[in-house]
Amino acid sequence: MRAYVYKYQDGIKQKKINAPGCTMGSVMVSVGAAGISEYDIEQIYGENRSVMTVIPGHEVSGTVVGPVNTEWNGKRVAV
């Protein structure tokens, strides 16, 4: 999958990363749209910017793709 990844030394760049796995009690959502918040902007451009690697954008919507029962598969959700 592709993501915008922020590293303190490199700035923000689009990269190909491995898709995370699902843990018990969670679902996989194929993201259709994502937004960034003031918190994300502060982590990247603020005075106290993060020195850790960050993938911004935690307001997302998309489609459930697994691994849950068929009742949820294919449903559109917002996180």
# chains A, B, ... in the order shown; residues from 1 in each chain; ligands from 1

$ select_by_dssp --residues "chain A" --states "helix (DSSP H, G or I)" --output "number ranges by chain"
A: 38-45

$ write_last_selection --atoms "N, CA and C atoms" --output "mmCIF file, in the first residue's frame"
data_model
loop_
_atom_site.group_PDB
_atom_site.id
_atom_site.type_symbol
_atom_site.label_atom_id
_atom_site.label_comp_id
_atom_site.auth_asym_id
_atom_site.auth_seq_id
_atom_site.Cartn_x
_atom_site.Cartn_y
_atom_site.Cartn_z
ATOM 1 N N GLU A 38 -5.214 19.283 12.809
ATOM 2 C CA GLU A 38 -4.241 20.254 13.308
ATOM 3 C C GLU A 38 -3.110 19.533 14.040
ATOM 4 N N TYR A 39 -3.440 18.442 14.732
ATOM 5 C CA TYR A 39 -2.425 17.656 15.432
ATOM 6 C C TYR A 39 -1.387 17.110 14.445
ATOM 7 N N ASP A 40 -1.846 16.588 13.296
ATOM 8 C CA ASP A 40 -0.922 16.075 12.282
ATOM 9 C C ASP A 40 -0.007 17.186 11.767
ATOM 10 N N ILE A 41 -0.577 18.346 11.483
ATOM 11 C CA ILE A 41 0.198 19.482 10.981
ATOM 12 C C ILE A 41 1.255 19.890 12.004
ATOM 13 N N GLU A 42 0.866 19.920 13.280
ATOM 14 C CA GLU A 42 1.796 20.287 14.344
ATOM 15 C C GLU A 42 2.948 19.286 14.438
ATOM 16 N N GLN A 43 2.653 17.993 14.267
ATOM 17 C CA GLN A 43 3.701 16.972 14.339
ATOM 18 C C GLN A 43 4.717 17.121 13.218
ATOM 19 N N ILE A 44 4.282 17.615 12.066
ATOM 20 C CA ILE A 44 5.156 17.694 10.897
ATOM 21 C C ILE A 44 5.840 19.057 10.776
ATOM 22 N N TYR A 45 5.090 20.140 11.003
ATOM 23 C CA TYR A 45 5.616 21.475 10.743
ATOM 24 C C TYR A 45 5.768 22.350 11.987
#

$ residues_around --residues "A:Arg76" --least-positions-apart "2" --cutoff "8 Å" --atoms "only C-alpha atoms" --output "number ranges by chain"
A: 61-64, 74, 78

$ closest_residue --among "A:Pro56, A:Val77, A:Val68, A:Met1" --to "A:Asn18" --atoms "only C-alpha atoms"
A:Met1

$ atom_distance --atom1 "atom CA of A:Gln9" --atom2 "atom CA of A:Glu47"
14.8 Å

$ atom_distance --atom1 "atom CA of A:Tyr6" --atom2 "atom CA of A:Gly66"
27.7 Å

$ decode --residues "stretch 26-50 of chain A" --atoms "N, CA, C and O atoms" --output "PDB file, in the first residue's frame"
ATOM      1  N   SER A  26     -10.282  -6.633  15.635  1.00  0.00           N
ATOM      2  CA  SER A  26     -10.180  -5.479  14.749  1.00  0.00           C
ATOM      3  C   SER A  26     -10.558  -5.876  13.328  1.00  0.00           C
ATOM      4  O   SER A  26     -10.714  -7.055  13.027  1.00  0.00           O
ATOM      5  N   VAL A  27     -10.739  -4.883  12.481  1.00  0.00           N
ATOM      6  CA  VAL A  27     -11.097  -5.152  11.089  1.00  0.00           C
ATOM      7  C   VAL A  27     -10.148  -4.395  10.166  1.00  0.00           C
ATOM      8  O   VAL A  27      -9.511  -3.429  10.561  1.00  0.00           O
ATOM      9  N   MET A  28     -10.072  -4.824   8.922  1.00  0.00           N
ATOM     10  CA  MET A  28      -9.280  -4.157   7.903  1.00  0.00           C
ATOM     11  C   MET A  28     -10.228  -3.287   7.082  1.00  0.00           C
ATOM     12  O   MET A  28     -11.287  -3.759   6.639  1.00  0.00           O
ATOM     13  N   VAL A  29      -9.870  -2.012   6.923  1.00  0.00           N
ATOM     14  CA  VAL A  29     -10.675  -1.070   6.142  1.00  0.00           C
ATOM     15  C   VAL A  29      -9.847  -0.608   4.961  1.00  0.00           C
ATOM     16  O   VAL A  29      -8.720  -0.135   5.125  1.00  0.00           O
ATOM     17  N   SER A  30     -10.389  -0.767   3.768  1.00  0.00           N
ATOM     18  CA  SER A  30      -9.765  -0.207   2.570  1.00  0.00           C
ATOM     19  C   SER A  30     -10.131   1.268   2.534  1.00  0.00           C
ATOM     20  O   SER A  30     -11.299   1.620   2.355  1.00  0.00           O
ATOM     21  N   VAL A  31      -9.150   2.143   2.737  1.00  0.00           N
ATOM     22  CA  VAL A  31      -9.403   3.576   2.887  1.00  0.00           C
ATOM     23  C   VAL A  31      -9.766   4.209   1.551  1.00  0.00           C
ATOM     24  O   VAL A  31      -9.057   4.054   0.564  1.00  0.00           O
ATOM     25  N   GLY A  32     -10.891   4.919   1.560  1.00  0.00           N
ATOM     26  CA  GLY A  32     -11.319   5.656   0.382  1.00  0.00           C
ATOM     27  C   GLY A  32     -10.960   7.128   0.479  1.00  0.00           C
ATOM     28  O   GLY A  32     -10.696   7.792  -0.521  1.00  0.00           O
ATOM     29  N   ALA A  33     -10.924   7.660   1.702  1.00  0.00           N
ATOM     30  CA  ALA A  33     -10.580   9.062   1.929  1.00  0.00           C
ATOM     31  C   ALA A  33      -9.983   9.208   3.316  1.00  0.00           C
ATOM     32  O   ALA A  33     -10.360   8.498   4.240  1.00  0.00           O
ATOM     33  N   ALA A  34      -9.034  10.125   3.448  1.00  0.00           N
ATOM     34  CA  ALA A  34      -8.414  10.401   4.746  1.00  0.00           C
ATOM     35  C   ALA A  34      -8.193  11.896   4.869  1.00  0.00           C
ATOM     36  O   ALA A  34      -7.947  12.577   3.884  1.00  0.00           O
ATOM     37  N   GLY A  35      -8.296  12.372   6.083  1.00  0.00           N
ATOM     38  CA  GLY A  35      -8.040  13.786   6.337  1.00  0.00           C
ATOM     39  C   GLY A  35      -6.959  13.923   7.377  1.00  0.00           C
ATOM     40  O   GLY A  35      -6.638  12.987   8.098  1.00  0.00           O
ATOM     41  N   ILE A  36      -6.357  15.100   7.419  1.00  0.00           N
ATOM     42  CA  ILE A  36      -5.369  15.357   8.448  1.00  0.00           C
ATOM     43  C   ILE A  36      -5.892  16.450   9.368  1.00  0.00           C
ATOM     44  O   ILE A  36      -6.684  17.294   8.963  1.00  0.00           O
ATOM     45  N   SER A  37      -5.461  16.404  10.600  1.00  0.00           N
ATOM     46  CA  SER A  37      -5.959  17.347  11.597  1.00  0.00           C
ATOM     47  C   SER A  37      -4.862  18.339  11.975  1.00  0.00           C
ATOM     48  O   SER A  37      -3.710  18.228  11.542  1.00  0.00           O
ATOM     49  N   GLU A  38      -5.214  19.283  12.809  1.00  0.00           N
ATOM     50  CA  GLU A  38      -4.241  20.254  13.308  1.00  0.00           C
ATOM     51  C   GLU A  38      -3.110  19.533  14.040  1.00  0.00           C
ATOM     52  O   GLU A  38      -1.949  19.939  13.965  1.00  0.00           O
ATOM     53  N   TYR A  39      -3.440  18.442  14.732  1.00  0.00           N
ATOM     54  CA  TYR A  39      -2.425  17.656  15.432  1.00  0.00           C
ATOM     55  C   TYR A  39      -1.387  17.110  14.445  1.00  0.00           C
ATOM     56  O   TYR A  39      -0.190  17.148  14.711  1.00  0.00           O
ATOM     57  N   ASP A  40      -1.846  16.588  13.296  1.00  0.00           N
ATOM     58  CA  ASP A  40      -0.922  16.075  12.282  1.00  0.00           C
ATOM     59  C   ASP A  40      -0.007  17.186  11.767  1.00  0.00           C
ATOM     60  O   ASP A  40       1.201  16.991  11.624  1.00  0.00           O
ATOM     61  N   ILE A  41      -0.577  18.346  11.483  1.00  0.00           N
ATOM     62  CA  ILE A  41       0.198  19.482  10.981  1.00  0.00           C
ATOM     63  C   ILE A  41       1.255  19.890  12.004  1.00  0.00           C
ATOM     64  O   ILE A  41       2.412  20.142  11.665  1.00  0.00           O
ATOM     65  N   GLU A  42       0.866  19.920  13.280  1.00  0.00           N
ATOM     66  CA  GLU A  42       1.796  20.287  14.344  1.00  0.00           C
ATOM     67  C   GLU A  42       2.948  19.286  14.438  1.00  0.00           C
ATOM     68  O   GLU A  42       4.097  19.665  14.648  1.00  0.00           O
ATOM     69  N   GLN A  43       2.653  17.993  14.267  1.00  0.00           N
ATOM     70  CA  GLN A  43       3.701  16.972  14.339  1.00  0.00           C
ATOM     71  C   GLN A  43       4.717  17.121  13.218  1.00  0.00           C
ATOM     72  O   GLN A  43       5.884  16.782  13.382  1.00  0.00           O
ATOM     73  N   ILE A  44       4.282  17.615  12.066  1.00  0.00           N
ATOM     74  CA  ILE A  44       5.156  17.694  10.897  1.00  0.00           C
ATOM     75  C   ILE A  44       5.840  19.057  10.776  1.00  0.00           C
ATOM     76  O   ILE A  44       7.026  19.145  10.480  1.00  0.00           O
ATOM     77  N   TYR A  45       5.090  20.140  11.003  1.00  0.00           N
ATOM     78  CA  TYR A  45       5.616  21.475  10.743  1.00  0.00           C
ATOM     79  C   TYR A  45       5.768  22.350  11.987  1.00  0.00           C
ATOM     80  O   TYR A  45       6.312  23.438  11.899  1.00  0.00           O
ATOM     81  N   GLY A  46       5.280  21.906  13.136  1.00  0.00           N
ATOM     82  CA  GLY A  46       5.276  22.734  14.337  1.00  0.00           C
ATOM     83  C   GLY A  46       6.640  22.892  14.990  1.00  0.00           C
ATOM     84  O   GLY A  46       7.629  22.257  14.599  1.00  0.00           O
ATOM     85  N   GLU A  47       6.672  23.743  15.997  1.00  0.00           N
ATOM     86  CA  GLU A  47       7.920  23.993  16.725  1.00  0.00           C
ATOM     87  C   GLU A  47       8.437  22.741  17.422  1.00  0.00           C
ATOM     88  O   GLU A  47       9.641  22.548  17.538  1.00  0.00           O
ATOM     89  N   ASN A  48       7.545  21.902  17.910  1.00  0.00           N
ATOM     90  CA  ASN A  48       7.935  20.670  18.602  1.00  0.00           C
ATOM     91  C   ASN A  48       7.656  19.456  17.734  1.00  0.00           C
ATOM     92  O   ASN A  48       7.038  18.495  18.168  1.00  0.00           O
ATOM     93  N   ARG A  49       8.109  19.503  16.485  1.00  0.00           N
ATOM     94  CA  ARG A  49       7.793  18.420  15.550  1.00  0.00           C
ATOM     95  C   ARG A  49       8.321  17.073  16.018  1.00  0.00           C
ATOM     96  O   ARG A  49       9.295  16.994  16.752  1.00  0.00           O
ATOM     97  N   SER A  50       7.649  16.052  15.591  1.00  0.00           N
ATOM     98  CA  SER A  50       7.968  14.690  16.011  1.00  0.00           C
ATOM     99  C   SER A  50       9.323  14.254  15.469  1.00  0.00           C
ATOM    100  O   SER A  50       9.663  14.537  14.325  1.00  0.00           O
TER     101      SER A  50
END
